[in-house]
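structure14.cif follows; it contains mmCIF, C-alpha atoms.
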```
data_data
#
loop_
_atom_site.group_PDB
_atom_site.id
_atom_site.type_symbol
_atom_site.label_atom_id
_atom_site.label_comp_id
_atom_site.auth_asym_id
_atom_site.auth_seq_id
_atom_site.Cartn_x
_atom_site.Cartn_y
_atom_site.Cartn_z
ATOM 1 C CA MET A 11 24.748 -43.167 -23.184
ATOM 2 C CA LYS A 12 22.123 -41.158 -25.072
ATOM 3 C CA LYS A 13 20.226 -40.434 -21.839
ATOM 4 C CA THR A 14 23.392 -39.173 -20.131
ATOM 5 C CA LEU A 15 24.169 -36.887 -23.060
ATOM 6 C CA LEU A 16 20.580 -35.601 -23.108
ATOM 7 C CA PHE A 17 20.620 -34.879 -19.350
ATOM 8 C CA THR A 18 23.997 -33.113 -19.669
ATOM 9 C CA ILE A 19 22.728 -30.861 -22.453
ATOM 10 C CA LEU A 20 19.522 -30.152 -20.551
ATOM 11 C CA ALA A 21 21.494 -29.306 -17.399
ATOM 12 C CA LEU A 22 23.713 -26.889 -19.330
ATOM 13 C CA PHE A 23 20.631 -24.978 -20.463
ATOM 14 C CA LEU A 24 18.871 -24.997 -17.091
ATOM 15 C CA LEU A 25 21.755 -24.205 -14.727
ATOM 16 C CA PRO A 26 22.272 -20.604 -15.904
ATOM 17 C CA ASN A 27 18.527 -19.944 -15.579
ATOM 18 C CA LEU A 28 18.432 -21.483 -12.094
ATOM 19 C CA ALA A 29 21.372 -19.320 -11.037
ATOM 20 C CA LEU A 30 19.573 -16.211 -12.305
ATOM 21 C CA ALA A 31 16.467 -17.216 -10.390
ATOM 22 C CA ALA A 32 18.396 -17.370 -7.124
ATOM 23 C CA LEU A 33 17.156 -14.035 -5.745
ATOM 24 C CA ASP A 34 16.346 -13.611 -2.085
ATOM 25 C CA ILE A 35 14.084 -10.608 -1.444
ATOM 26 C CA LYS A 36 13.105 -9.433 2.029
ATOM 27 C CA ILE A 37 10.700 -6.598 2.854
ATOM 28 C CA SER A 38 10.665 -4.938 6.270
ATOM 29 C CA ALA A 39 7.752 -2.609 7.063
ATOM 30 C CA LYS A 40 5.959 -1.472 10.189
ATOM 31 C CA ASP A 41 2.734 -3.333 10.917
ATOM 32 C CA SER A 42 0.789 -0.068 11.044
ATOM 33 C CA PHE A 43 1.157 3.616 10.096
ATOM 34 C CA SER A 44 -0.853 6.402 11.739
ATOM 35 C CA ILE A 45 -1.527 10.104 11.126
ATOM 36 C CA GLY A 46 1.656 12.116 10.641
ATOM 37 C CA GLU A 47 3.835 9.151 9.647
ATOM 38 C CA THR A 48 5.285 8.636 6.193
ATOM 39 C CA VAL A 49 4.509 5.241 4.687
ATOM 40 C CA SER A 50 7.743 3.480 3.730
ATOM 41 C CA PHE A 51 9.450 0.115 3.740
ATOM 42 C CA ASP A 52 13.012 -1.196 3.698
ATOM 43 C CA TYR A 53 14.012 -4.022 1.404
ATOM 44 C CA THR A 54 17.014 -6.236 0.765
ATOM 45 C CA ILE A 55 17.796 -8.115 -2.453
ATOM 46 C CA THR A 56 20.495 -10.766 -2.466
ATOM 47 C CA SER A 57 21.625 -12.826 -5.455
ATOM 48 C CA GLY A 58 23.530 -16.083 -5.679
ATOM 49 C CA THR A 59 25.369 -14.798 -8.784
ATOM 50 C CA ASP A 60 26.595 -11.520 -10.219
ATOM 51 C CA GLN A 61 23.708 -10.201 -12.289
ATOM 52 C CA GLN A 62 21.820 -7.114 -13.319
ATOM 53 C CA ILE A 63 18.169 -6.920 -12.317
ATOM 54 C CA THR A 64 15.307 -4.565 -13.069
ATOM 55 C CA TYR A 65 12.640 -4.108 -10.428
ATOM 56 C CA THR A 66 9.869 -1.795 -9.248
ATOM 57 C CA PRO A 67 9.197 -1.063 -5.567
ATOM 58 C CA HIS A 68 5.705 0.242 -4.783
ATOM 59 C CA ILE A 69 2.820 0.396 -2.335
ATOM 60 C CA THR A 70 -0.798 -0.313 -3.179
ATOM 61 C CA CYS A 71 -3.767 0.644 -1.025
ATOM 62 C CA PRO A 72 -7.442 0.184 -1.893
ATOM 63 C CA SER A 73 -8.360 3.828 -1.306
ATOM 64 C CA ALA A 74 -5.213 5.940 -1.316
ATOM 65 C CA PRO A 75 -3.392 7.845 -4.047
ATOM 66 C CA ILE A 76 -1.009 5.754 -6.150
ATOM 67 C CA ALA A 77 2.529 7.076 -6.586
ATOM 68 C CA PHE A 78 4.262 7.009 -9.956
ATOM 69 C CA LEU A 79 6.041 3.690 -10.477
ATOM 70 C CA GLN A 80 9.819 3.971 -10.589
ATOM 71 C CA GLU A 81 11.579 1.140 -12.381
ATOM 72 C CA LYS A 82 15.128 0.629 -11.108
ATOM 73 C CA THR A 83 18.063 -1.297 -12.551
ATOM 74 C CA ILE A 84 20.914 -2.425 -10.298
ATOM 75 C CA GLN A 85 23.965 -4.642 -10.591
ATOM 76 C CA LEU A 86 24.041 -7.292 -7.867
ATOM 77 C CA GLU A 87 27.191 -9.018 -6.678
ATOM 78 C CA ALA A 88 26.964 -12.653 -5.588
ATOM 79 C CA GLY A 89 26.182 -12.925 -1.893
ATOM 80 C CA LYS A 90 26.316 -9.149 -1.300
ATOM 81 C CA PRO A 91 22.944 -7.759 -0.129
ATOM 82 C CA TYR A 92 21.555 -4.639 -1.801
ATOM 83 C CA ARG A 93 19.547 -2.511 0.647
ATOM 84 C CA ASP A 94 17.235 0.405 -0.052
ATOM 85 C CA THR A 95 14.148 2.184 1.278
ATOM 86 C CA TYR A 96 10.976 3.006 -0.618
ATOM 87 C CA THR A 97 9.038 6.046 0.631
ATOM 88 C CA ASP A 98 5.464 6.873 -0.337
ATOM 89 C CA ILE A 99 2.703 9.100 1.064
ATOM 90 C CA LYS A 100 2.353 10.828 4.410
ATOM 91 C CA VAL A 101 -0.685 9.620 6.360
ATOM 92 C CA ASP A 102 -3.228 12.343 7.080
ATOM 93 C CA ASP A 103 -6.820 12.365 8.239
ATOM 94 C CA SER A 104 -8.119 12.232 4.650
ATOM 95 C CA LEU A 105 -7.031 8.576 4.376
ATOM 96 C CA GLU A 106 -9.471 5.874 5.378
ATOM 97 C CA PRO A 107 -8.261 3.009 7.592
ATOM 98 C CA GLN A 108 -7.185 0.191 5.273
ATOM 99 C CA THR A 109 -4.813 -2.678 4.618
ATOM 100 C CA CYS A 110 -2.065 -1.933 2.100
ATOM 101 C CA THR A 111 0.663 -3.942 0.407
ATOM 102 C CA ALA A 112 4.378 -3.154 0.141
ATOM 103 C CA GLN A 113 5.688 -4.895 -2.957
ATOM 104 C CA ILE A 114 8.831 -5.527 -4.985
ATOM 105 C CA ASP A 115 8.272 -6.666 -8.594
ATOM 106 C CA ILE A 116 11.335 -8.098 -10.324
ATOM 107 C CA THR A 117 10.850 -7.812 -14.104
ATOM 108 C CA SER A 118 14.244 -8.815 -15.465
ATOM 109 C CA PRO A 119 16.004 -11.237 -15.910
ATOM 110 C CA ILE A 120 13.139 -13.229 -14.366
ATOM 111 C CA GLN A 121 9.714 -12.272 -13.053
ATOM 112 C CA GLN A 122 9.305 -12.489 -9.308
ATOM 113 C CA THR A 123 7.108 -10.673 -6.788
ATOM 114 C CA VAL A 124 7.455 -10.371 -3.033
ATOM 115 C CA SER A 125 4.968 -8.477 -0.870
ATOM 116 C CA LYS A 126 4.081 -7.688 2.740
ATOM 117 C CA GLU A 127 0.809 -6.311 4.120
ATOM 118 C CA PHE A 128 0.511 -3.469 6.621
ATOM 119 C CA LYS A 129 -2.281 -1.248 7.927
ATOM 120 C CA ILE A 130 -3.038 2.438 7.790
ATOM 121 C CA ALA A 131 -4.662 3.265 11.113
ATOM 122 C CA THR A 132 -6.779 6.407 10.946
ATOM 123 C CA ASN A 133 -10.192 7.341 12.229
ATOM 124 C CA PRO A 134 -12.927 6.361 9.792
ATOM 125 C CA SER A 135 -14.742 9.252 8.216
ATOM 126 C CA PHE A 136 -18.483 9.598 8.247
ATOM 127 C CA GLU A 137 -21.004 12.031 6.898
ATOM 128 C CA PHE A 138 -23.436 13.943 9.027
ATOM 129 C CA GLN A 139 -25.976 16.661 8.425
ATOM 130 C CA ILE A 140 -27.027 19.282 10.960
ATOM 131 C CA LYS A 141 -30.734 20.060 10.998
ATOM 132 C CA THR A 142 -32.310 23.196 12.453
ATOM 133 C CA CYS A 143 -35.875 22.670 13.619
ATOM 134 C CA GLN A 144 -38.827 24.579 14.977
ATOM 135 C CA ASP A 145 -39.978 21.741 17.250
ATOM 136 C CA GLN A 146 -38.239 19.364 19.619
ATOM 137 C CA GLU A 147 -39.059 16.247 17.545
ATOM 138 C CA CYS A 148 -37.541 18.017 14.530
ATOM 139 C CA LEU A 149 -40.601 17.417 12.372
ATOM 140 C CA LYS A 150 -40.648 21.056 11.180
ATOM 141 C CA LEU A 151 -37.307 21.945 9.596
ATOM 142 C CA SER A 152 -36.464 25.599 9.111
ATOM 143 C CA LYS A 153 -33.571 27.886 8.289
ATOM 144 C CA ILE A 154 -35.358 31.067 9.271
ATOM 145 C CA PHE A 155 -36.148 31.949 12.872
ATOM 146 C CA ILE A 156 -37.672 34.952 14.586
ATOM 147 C CA LEU A 157 -35.946 36.725 17.470
ATOM 148 C CA ASN A 158 -36.602 35.026 20.857
ATOM 149 C CA GLU A 159 -38.068 31.928 19.156
ATOM 150 C CA ASP A 160 -36.782 28.518 20.259
ATOM 151 C CA ILE A 161 -34.385 26.740 17.886
ATOM 152 C CA TYR A 162 -33.778 23.002 18.033
ATOM 153 C CA PHE A 163 -30.785 21.217 16.577
ATOM 154 C CA ASP A 164 -30.649 17.643 15.409
ATOM 155 C CA TYR A 165 -28.327 15.658 13.175
ATOM 156 C CA GLN A 166 -28.420 12.774 10.779
ATOM 157 C CA ALA A 167 -25.273 10.623 10.559
ATOM 158 C CA SER A 168 -24.126 7.554 8.672
ATOM 159 C CA VAL A 169 -22.654 6.130 11.905
ATOM 160 C CA GLU A 170 -24.805 4.544 14.567
ATOM 161 C CA LYS A 171 -24.416 5.401 18.282
#
```
This structure in structure tokens:
Amino acid sequence: MKKTLLFTILALFLLPNLALAALDIKISAKDSFSIGETVSFDYTITSGTDQQITYTPHITCPSAPIAFLQEKTIQLEAGKPYRDTYTDIKVDDSLEPQTCTAQIDITSPIQQTVSKEFKIATNPSFEFQIKTCQDQECLKLSKIFILNEDIYFDYQASVEK
């Protein structure tokens, strides 16, 4: 009898928390973004109960600017999906190729995180230096040349081939 009463009391405390935890979050993003495209992702949040949630959608990339985080609060209705789109940066040639993460962080009433990886496909940058030389082997560098004198060009790059 005591065990049944204890389990009943425990169930009364746990059931509301389990119902709040019943969030289904789906992220839909392209596998890859290239120059000229705006990085964005669609997401859907569905709850098993009517509840208010606070969450933050964002994108993280190892070497790209980070947008200001925007915390959002919405009221979910049981079984009714909430859909939205998060938009971030426009890909240009200043971005390195990299793997990024689209993420939804639920902060209230529970903590939950869902993420999906995607790629930014750009040409890798590299540094090079043009050298002006007085000889073909480029052993004698110079920036000053006399009229009708041969000039040789060479380069030094961080990329092989």
Closest-contact table, region 90-153 of chain A side, partner region 33-56 of chain A, 7 Å, counting all atoms listed in the file, as a tab-separated table:
```
residue	atom	partner	partner_atom	distance
A:Lys90	CA	A:Thr56	CA	6.2
A:Pro91	CA	A:Thr56	CA	4.5
A:Tyr92	CA	A:Ile55	CA	5.2
A:Arg93	CA	A:Thr54	CA	4.5
A:Asp94	CA	A:Tyr53	CA	5.7
A:Thr95	CA	A:Asp52	CA	4.3
A:Tyr96	CA	A:Ser50	CA	5.4
A:Thr97	CA	A:Ser50	CA	4.2
A:Asp98	CA	A:Val49	CA	5.4
A:Ile99	CA	A:Val49	CA	5.6
A:Lys100	CA	A:Thr48	CA	4.1
A:Val101	CA	A:Ile45	CA	4.9
A:Asp102	CA	A:Ile45	CA	4.9
A:Asp103	CA	A:Ile45	CA	6.4
A:Val124	CA	A:Ile35	CA	6.8
A:Lys126	CA	A:Ile37	CA	6.7
A:Phe128	CA	A:Asp41	CA	4.8
A:Lys129	CA	A:Ser42	CA	4.5
A:Ile130	CA	A:Phe43	CA	4.9
A:Ala131	CA	A:Ser44	CA	5.0
A:Thr132	CA	A:Ser44	CA	6.0
```
- Tell me, as a PyMOL selection string, which residues lie within 9 Å of Lys153 (chain A), counting all atoms listed in the file; anything in the same chain fewer than 3 positions away does not count. chain A and resi 141-143
Box for region 91-97 of chain A: with edges along x, y and z, all listed atoms inside and 8 Å added on each side, what are the centre and edge lengths in Å to one decimal, as AutoDock Vina command-line options?
```
--center_x 16.0 --center_y -0.9 --center_z -0.3 --size_x 29.9 --size_y 29.8 --size_z 19.1
```
- Task: For the point (20.6, -18.2, -3.4) in the file's frame, write as number ranges by chain all residues with an atom no more than 9 Å away, counting only C-alpha atoms.
- Result: A: 29, 31-34, 56-59, 88-89
- Interatomic distance between CA of Pro107 (chain A) and CA of Asp164 (chain A)?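 The value is 27.9 Å.
Proximity of A:Ala112, A:Cys71, A:Ala77, A:Ile161 to Asp145 (chain A), computed with all atoms listed in the file, is greatest for A:Ile161.
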For this structure, which residues satisfy the selection - the PyMOL selection byres ((chain A and resi 69) around 6) - when it is evaluated on the file as given? I want them as an mmCIF file with C-alpha atoms, in the coordinates of the input.
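Written file, out19.cif:
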```
data_model
loop_
_atom_site.group_PDB
_atom_site.id
_atom_site.type_symbol
_atom_site.label_atom_id
_atom_site.label_comp_id
_atom_site.auth_asym_id
_atom_site.auth_seq_id
_atom_site.Cartn_x
_atom_site.Cartn_y
_atom_site.Cartn_z
ATOM 1 C CA HIS A 68 5.705 0.242 -4.783
ATOM 2 C CA THR A 70 -0.798 -0.313 -3.179
ATOM 3 C CA THR A 111 0.663 -3.942 0.407
ATOM 4 C CA ALA A 112 4.378 -3.154 0.141
#
```
- Item | A:Ser125, A:Gln139, A:Ser152, A:Asn158 ranked by distance to Thr66 (chain A), top pick (using all atoms listed in the file) |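 Result for the nearest residue to Thr66 (chain A): A:Ser125.
Coordinates place CA of Ile63 (chain A) at a distance of 16.2 Å from CA of Leu79 (chain A).
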- Could you state which residues are captured by the PyMOL selection byres ((chain A and resi 61) around 7) in this file, as a ChimeraX atom specification? /A:59-60,62-63,85-87
- Nearest-residue call for Thr109 (chain A), choices A:Phe155, A:Gln146, A:Gln80, A:Glu127, using only C-alpha atoms: A:Glu127
- Using only C-alpha atoms: which of A:Ile76, A:Asn133, A:Lys82, A:Ile116 has the shortest distance to Ser104 (chain A):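 Of A:Ile76, A:Asn133, A:Lys82, A:Ile116, the one nearest Ser104 (chain A), counting only C-alpha atoms, is A:Asn133.
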- Task: Could you check how far CA of Ser73 (chain A) sits from CA of Glu106 (chain A), in Å to one decimal?
- Result: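 Value for the CA of Ser73 (chain A)-CA of Glu106 (chain A) distance: 7.1 Å.
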